[in-house]
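Engineer: Here it is, the structure, as structure tokens.
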2 protein chains.
Amino acid sequence: MTRDAKTDNDNKGSDMHVLVTGAAGFLGQRLVRRLAEGSELSGKPLSRLTLIDQVEAEGPVDATFESVSRALDIASPGALDEVLDERPDVIFHLAAVVSSAAEADLDLGMTVNFDATRALLEGCRFRKLLETRLIMASSVAVYGGELPDVLDDMTGLTPQSSYGTQKAMSELLINDYSRRGLIDGRVLRLPTIVIRPGRPNAAASSFASSILREPLNGEEAICPVPTDLALFVMSPRKVVEALLHGAEVPGDAFGASRSLMLPGITVSVAGMLEVLREYGGDEALARVRHEPDARIAAIVASWPGRFENLRASRLGFEGDRDFHEIVEAFLDERG
Amino acid sequence: MTRDAKTDNDNKGSDMHVLVTGAAGFLGQRLVRRLAEGSELSGKPLSRLTLIDQVEAEGPVDATFESVSRALDIASPGALDEVLDERPDVIFHLAAVVSSAAEADLDLGMTVNFDATRALLEGCRFRKLLETRLIMASSVAVYGGELPDVLDDMTGLTPQSSYGTQKAMSELLINDYSRRGLIDGRVLRLPTIVIRPGRPNAAASSFASSILREPLNGEEAICPVPTDLALFVMSPRKVVEALLHGAEVPGDAFGASRSLMLPGITVSVAGMLEVLREYGGDEALARVRHEPDARIAAIVASWPGRFENLRASRLGFEGDRDFHEIVEAFLDERG
Ligand SMILES: NC(=O)c1ccc[n+]([C@@H]2O[C@H](COP(=O)([O-])OP(=O)(O)OC[C@H]3O[C@@H](n4cnc5c(N)ncnc54)[C@H](O)[C@@H]3O)[C@@H](O)[C@H]2O)c1
Ligand SMILES: NC(=O)c1ccc[n+]([C@@H]2O[C@H](COP(=O)([O-])OP(=O)(O)OC[C@H]3O[C@@H](n4cnc5c(N)ncnc54)[C@H](O)[C@@H]3O)[C@@H](O)[C@H]2O)c1
């Protein structure tokens, strides 16, 4: 134990070993690129990046540090043993089964979204990685049911999906392990991420990116919800910055809870379309076809649209300034 | 599956098989006696009572129904298989490791308070006990951290103990299994129970019973907290009635959440002592020695003292009228 404590202290002064689970995913890949660009975390140079995913994740190009990519199923017993033996300083835990898959297969969702998180915590506990900072991506899906119009840091979690349940359970566990000093955990609940690159998909939130992305690319898009609907959104760029910031805030600054909702911004669909017109003109706006879909509208309407999440701002997390900034970031990246 | 569905329907019209875990405990034994007195649940006669505890629980005397007591560890694999094969109609899940033990031994608490609850849910799911009503006793310990002065049904859970964490995780799971229609679950968060019979013990809440019980029995008691401290309390009698009511409310009446705080009453320590004087006179009051204990005072002050829990009342759960009623119930039972 004395030796372990010493190792921790030694690490403190020196380089950073960062582990990313779900590194082949949408956010994982962006995070990897961002880490390679910055080459440091908490003011310390990155020495090593370990990427974990069930498929082999692409490593950074031109990185100043060593990078290792391993294809493994984090839900299989002992999967993380070797990686944790290397005593990472920071773990970004992004691997997850998405909402629709977790709803379709309760066992799969429980195993990946909850049991694997627990195994990760246990692995850290067993190795006394007391100072390792673990950042988990949670979701707005932990909220649900009869919600107030404006949610705040004290609003209770009554998830209405198995995905939200599994994230909320993982949150509780990370909080307890952190309270006990077994790990230094942080949980960031992500708003709806717009504008995602790529194509429309089956997710209920798909339209929120699609109604900007496709028209700006000269293509048609379908808007399945009423335009007065409010969404709570954040750009992928700001989400990745928030993940990094989540690793940098001192643990005790979080106080009695390690979980918080990131500072998204509230925007109505009408507001989004207005900004689309500003950047793409009337012809872009005309590419959005309004085809109401009651099922999608009901799901999206059940997501909280307004937050007064003061803790996140107090801890220095930053959101997008406005929806213009989100569109500009997209255009900027698209080149 | 057709056969299972038929069995469920048959059961519906006929008798009740009730299973109680933790049946040898304080509440378990009171519940068993109350079930024997009433001999029915939801208007249907009890046909069978199965008692589970790690020690053999005493069964009811003079019961009109069959009663079986089994000593087993609910945390051991497959422990509940045989019992669930008998397809109980109602399960009161009371077995738990108490707060101090769960804090002292994280693994024990996780195994008994969470994993065994999950195994119970899985056992019901595997056997398609879709209509079995599962009532779990949760606790005020699910609350914690920076709380508002008055809590309500939407107040978030930020437990500050492993016990509270494990209860909160079990709550989430019962909610999700119920939402999916795999079980008909209900979670009742219990206030501090006063007046418990017996002797003072190591629990931080022990004084709350002791400062009434001992003086009314002609003995001395110690009050370790300031008298302006507010407690949220419920008599054992009303708690047991609430457990029964929890089995009788239709599942869909719960709405988006199966968890609720029972309607305790708020009383200050000064208020409790005033009622002590009314029933026991000045000589009883004089038997309470005030010996401040900062550790106990801090723990107890962290428990929420005031709730506006409208859902419980709307669903017909009843608390004690006032603290007089609580003292009278105690005197009544003591004989
Ligand atoms: N993108 C969003 O809008 C959003 C919103 C809220 C929360 N989140 C959360 O953020 C995290 C990352 O999201 P994303 O958008 O990058 O998702 P994604 O689906 O693109 O990435 C998740 C990655 O996890 C990997 N994975 C799944 N199961 C695994 C297993 N058993 N073993 C190893 N790897 C496994 C997948 O292969 C995938 O690459 C997730 O935890 C997600 O729940 C995302
Ligand atoms: N009494 C209170 O003030 C209070 C307050 C809030 C919640 N609760 C909850 O109410 C329930 C009952 O409380 P109680 O006061 O009767 O507690 P208790 O300790 O008297 O009874 C719990 C019973 O569970 C049994 N048990 C523990 N581990 C077991 C295992 N592995 N296998 C089988 N049996 C096991 C114990 O032997 C004991 O008989 C518990 O779930 C408790 O968490 C009680």
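All residue names refer to the structure tokens as shown: chains lettered A, B, ... in order, residues numbered from 1 in each chain, ligands numbered from 1 in order.
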Which of segment 150-251 of chain A counts as strand (DSSP E or B) under DSSP, as number ranges by chain please?
Structural biologist: A: 151-152, 155, 184-190, 192-193, 221-223, 230-234
Engineer: Counting only C-alpha atoms, a student should be able to say which residues of chain A come within 6 Å of chain B; what is the right answer, written as a short mmCIF file (atom, residue, chain, number, x, y, z; two decimals) with all heavy atoms, in the first residue's frame?
Structural biologist:
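Contents of selection07.cif, as written:
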```
data_model
loop_
_atom_site.label_atom_id
_atom_site.label_comp_id
_atom_site.auth_asym_id
_atom_site.auth_seq_id
_atom_site.Cartn_x
_atom_site.Cartn_y
_atom_site.Cartn_z
N GLY A 145 -40.20 11.21 -16.76
CA GLY A 145 -41.39 11.23 -15.93
C GLY A 145 -41.97 12.62 -15.80
O GLY A 145 -41.88 13.42 -16.73
N MET A 154 -30.91 19.86 -8.46
CA MET A 154 -31.53 18.98 -7.46
C MET A 154 -32.64 18.11 -8.03
O MET A 154 -33.23 17.32 -7.32
CB MET A 154 -32.10 19.85 -6.32
CG MET A 154 -31.12 20.13 -5.20
SD MET A 154 -30.22 18.64 -4.66
CE MET A 154 -31.57 17.62 -4.05
N THR A 155 -32.94 18.28 -9.33
CA THR A 155 -34.04 17.50 -9.91
C THR A 155 -33.73 16.00 -9.85
O THR A 155 -32.64 15.58 -10.20
CB THR A 155 -34.28 17.93 -11.36
OG1 THR A 155 -34.51 19.34 -11.39
CG2 THR A 155 -35.48 17.21 -11.95
N GLY A 156 -34.70 15.24 -9.40
CA GLY A 156 -34.51 13.80 -9.25
C GLY A 156 -34.47 13.06 -10.57
O GLY A 156 -34.94 13.56 -11.59
N MET A 169 -27.70 4.33 -12.45
CA MET A 169 -27.11 3.40 -11.48
C MET A 169 -25.59 3.54 -11.48
O MET A 169 -24.96 3.53 -10.42
CB MET A 169 -27.54 1.96 -11.81
CG MET A 169 -28.98 1.69 -11.40
SD MET A 169 -29.66 0.08 -11.95
CE MET A 169 -28.23 -0.94 -11.85
N ALA A 256 -20.92 17.37 -2.70
CA ALA A 256 -21.61 16.15 -2.29
C ALA A 256 -22.02 15.26 -3.47
O ALA A 256 -22.47 14.15 -3.26
CB ALA A 256 -22.83 16.49 -1.44
#
```
Engineer: Just the residues within 6 Å of segment 43-51 of chain B, please, counting only C-alpha atoms, with nothing from its chain fewer than 6 positions along; format it as a ChimeraX atom specification.
Structural biologist: /B:15-20,23,65-69
Engineer: Please identify every polymer residue within 7 Å of ligand 1, using only C-alpha atoms and all ligand atoms, and present the set as a PyMOL selection string.
Structural biologist: chain A and resi 21-28+52-55+72-75+93-98+112+137-140+189-193
Engineer: Nearest to Glu291 of chain B among B:Gly264, B:Pro224, B:Gly319, B:Gly123, with distances taken over only C-alpha atoms: which residue is it?
Structural biologist: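 Closest candidate: B:Pro224.
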Engineer: Rounded to one decimal in Å, what is the spacing between atom CA of Arg33 of chain A and atom CA of Ala63 of chain A?
Structural biologist: 9.0 Å
Engineer: Need the shell around Leu134 of chain B: protein/DNA/RNA residues with any atom at most 6 Å away, counting only C-alpha atoms. Skip same-chain ones fewer than 3 positions apart. Format as a list of chain:residue names?
Structural biologist: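 The filter keeps B:Val90, B:Ile91, B:Gly185.
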Engineer: Include N, CA, C and O atoms and write out the residues we just selected as a PDB file, in the first residue's frame.
Structural biologist:
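The new file part_33.pdb reads:
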```
ATOM      1  N   VAL B  90     -47.304 -11.895  -3.818  1.00  0.00           N
ATOM      2  CA  VAL B  90     -46.795 -10.657  -3.237  1.00  0.00           C
ATOM      3  C   VAL B  90     -45.471 -10.955  -2.547  1.00  0.00           C
ATOM      4  O   VAL B  90     -45.343 -11.969  -1.849  1.00  0.00           O
ATOM      5  N   ILE B  91     -44.474 -10.103  -2.772  1.00  0.00           N
ATOM      6  CA  ILE B  91     -43.179 -10.260  -2.109  1.00  0.00           C
ATOM      7  C   ILE B  91     -42.871  -8.985  -1.325  1.00  0.00           C
ATOM      8  O   ILE B  91     -42.804  -7.902  -1.917  1.00  0.00           O
ATOM      9  N   GLY B 185     -43.566  -3.666  -9.320  1.00  0.00           N
ATOM     10  CA  GLY B 185     -42.793  -3.256  -8.146  1.00  0.00           C
ATOM     11  C   GLY B 185     -43.267  -1.979  -7.495  1.00  0.00           C
ATOM     12  O   GLY B 185     -43.912  -1.134  -8.134  1.00  0.00           O
TER      13      GLY B 185
END
```
Engineer: Report, in Å with one decimal, the straight-line distance from atom CA of Ser178 of chain A to atom CA of Leu315 of chain A.
Structural biologist: 17.4 Å
Engineer: Which distance in Å separates atom CA of Pro88 of chain A and atom CA of Arg70 of chain A, to one decimal?
Structural biologist: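 Here the two named atoms are 14.8 Å from each other.
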Engineer: Pull the helix (DSSP H, G or I) assignments for segment 62-231 of chain B out of DSSP run on the backbone, and list those residues as a PyMOL selection string.
Structural biologist: chain B and resi 81-85+99-104+106-126+140-142+162-179+206-216
Engineer: Mind writing the picked residues with C-alpha atoms as a PDB file, in the first residue's frame?
Structural biologist:
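The new file selection-v3.pdb reads:
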```
ATOM      1  CA  ASP B  81     -35.132 -20.439  -6.875  1.00  0.00           C
ATOM      2  CA  GLU B  82     -37.330 -22.866  -4.968  1.00  0.00           C
ATOM      3  CA  VAL B  83     -39.340 -20.148  -3.339  1.00  0.00           C
ATOM      4  CA  LEU B  84     -39.942 -18.290  -6.597  1.00  0.00           C
ATOM      5  CA  ASP B  85     -40.906 -21.549  -8.303  1.00  0.00           C
ATOM      6  CA  SER B  99     -26.422   1.315   7.236  1.00  0.00           C
ATOM      7  CA  SER B 100     -23.419   0.966   9.540  1.00  0.00           C
ATOM      8  CA  ALA B 101     -22.647  -2.566   8.339  1.00  0.00           C
ATOM      9  CA  ALA B 102     -22.913  -1.516   4.673  1.00  0.00           C
ATOM     10  CA  GLU B 103     -20.551   1.375   5.346  1.00  0.00           C
ATOM     11  CA  ALA B 104     -18.067  -0.887   7.129  1.00  0.00           C
ATOM     12  CA  LEU B 106     -18.779  -2.316   0.861  1.00  0.00           C
ATOM     13  CA  ASP B 107     -18.868  -5.812  -0.623  1.00  0.00           C
ATOM     14  CA  LEU B 108     -21.340  -7.152   1.917  1.00  0.00           C
ATOM     15  CA  GLY B 109     -23.649  -4.188   1.379  1.00  0.00           C
ATOM     16  CA  MET B 110     -23.454  -4.423  -2.412  1.00  0.00           C
ATOM     17  CA  THR B 111     -24.107  -8.156  -2.321  1.00  0.00           C
ATOM     18  CA  VAL B 112     -27.072  -8.143   0.027  1.00  0.00           C
ATOM     19  CA  ASN B 113     -28.642  -4.748  -0.592  1.00  0.00           C
ATOM     20  CA  PHE B 114     -28.153  -4.586  -4.335  1.00  0.00           C
ATOM     21  CA  ASP B 115     -27.132  -7.878  -5.959  1.00  0.00           C
ATOM     22  CA  ALA B 116     -29.694  -9.913  -4.048  1.00  0.00           C
ATOM     23  CA  THR B 117     -32.418  -7.439  -5.039  1.00  0.00           C
ATOM     24  CA  ARG B 118     -31.306  -7.772  -8.648  1.00  0.00           C
ATOM     25  CA  ALA B 119     -31.297 -11.571  -8.359  1.00  0.00           C
ATOM     26  CA  LEU B 120     -34.816 -11.429  -6.935  1.00  0.00           C
ATOM     27  CA  LEU B 121     -35.948  -9.314  -9.898  1.00  0.00           C
ATOM     28  CA  GLU B 122     -34.210 -11.645 -12.343  1.00  0.00           C
ATOM     29  CA  GLY B 123     -35.800 -14.657 -10.668  1.00  0.00           C
ATOM     30  CA  CYS B 124     -39.230 -13.096 -11.135  1.00  0.00           C
ATOM     31  CA  ARG B 125     -38.426 -12.150 -14.717  1.00  0.00           C
ATOM     32  CA  PHE B 126     -37.201 -15.641 -15.584  1.00  0.00           C
ATOM     33  CA  VAL B 140     -34.538   8.219   3.919  1.00  0.00           C
ATOM     34  CA  ALA B 141     -30.805   7.492   3.513  1.00  0.00           C
ATOM     35  CA  VAL B 142     -31.228   7.751  -0.279  1.00  0.00           C
ATOM     36  CA  SER B 162     -23.109   3.090   0.665  1.00  0.00           C
ATOM     37  CA  TYR B 163     -26.361   1.835   2.188  1.00  0.00           C
ATOM     38  CA  GLY B 164     -28.259   4.765   0.643  1.00  0.00           C
ATOM     39  CA  THR B 165     -26.477   4.202  -2.676  1.00  0.00           C
ATOM     40  CA  GLN B 166     -27.402   0.521  -2.741  1.00  0.00           C
ATOM     41  CA  LYS B 167     -31.028   1.278  -1.893  1.00  0.00           C
ATOM     42  CA  ALA B 168     -31.168   4.000  -4.580  1.00  0.00           C
ATOM     43  CA  MET B 169     -29.706   1.620  -7.183  1.00  0.00           C
ATOM     44  CA  SER B 170     -32.235  -1.049  -6.230  1.00  0.00           C
ATOM     45  CA  GLU B 171     -34.988   1.547  -6.569  1.00  0.00           C
ATOM     46  CA  LEU B 172     -33.890   2.375 -10.109  1.00  0.00           C
ATOM     47  CA  LEU B 173     -33.840  -1.284 -11.062  1.00  0.00           C
ATOM     48  CA  ILE B 174     -37.279  -1.984  -9.597  1.00  0.00           C
ATOM     49  CA  ASN B 175     -38.588   1.017 -11.483  1.00  0.00           C
ATOM     50  CA  ASP B 176     -37.123  -0.175 -14.760  1.00  0.00           C
ATOM     51  CA  TYR B 177     -38.341  -3.756 -14.368  1.00  0.00           C
ATOM     52  CA  SER B 178     -41.801  -2.408 -13.533  1.00  0.00           C
ATOM     53  CA  ARG B 179     -41.787  -0.014 -16.473  1.00  0.00           C
ATOM     54  CA  SER B 206     -31.140   5.075  18.428  1.00  0.00           C
ATOM     55  CA  PHE B 207     -31.678   8.085  20.698  1.00  0.00           C
ATOM     56  CA  ALA B 208     -34.907   9.020  18.896  1.00  0.00           C
ATOM     57  CA  SER B 209     -36.623   5.965  20.356  1.00  0.00           C
ATOM     58  CA  SER B 210     -34.568   5.881  23.513  1.00  0.00           C
ATOM     59  CA  ILE B 211     -35.492   9.344  24.803  1.00  0.00           C
ATOM     60  CA  LEU B 212     -39.136   8.241  24.915  1.00  0.00           C
ATOM     61  CA  ARG B 213     -38.899   4.527  25.592  1.00  0.00           C
ATOM     62  CA  GLU B 214     -36.481   4.526  28.515  1.00  0.00           C
ATOM     63  CA  PRO B 215     -38.058   7.399  30.519  1.00  0.00           C
ATOM     64  CA  LEU B 216     -41.533   5.907  30.000  1.00  0.00           C
TER      65      LEU B 216
END
```
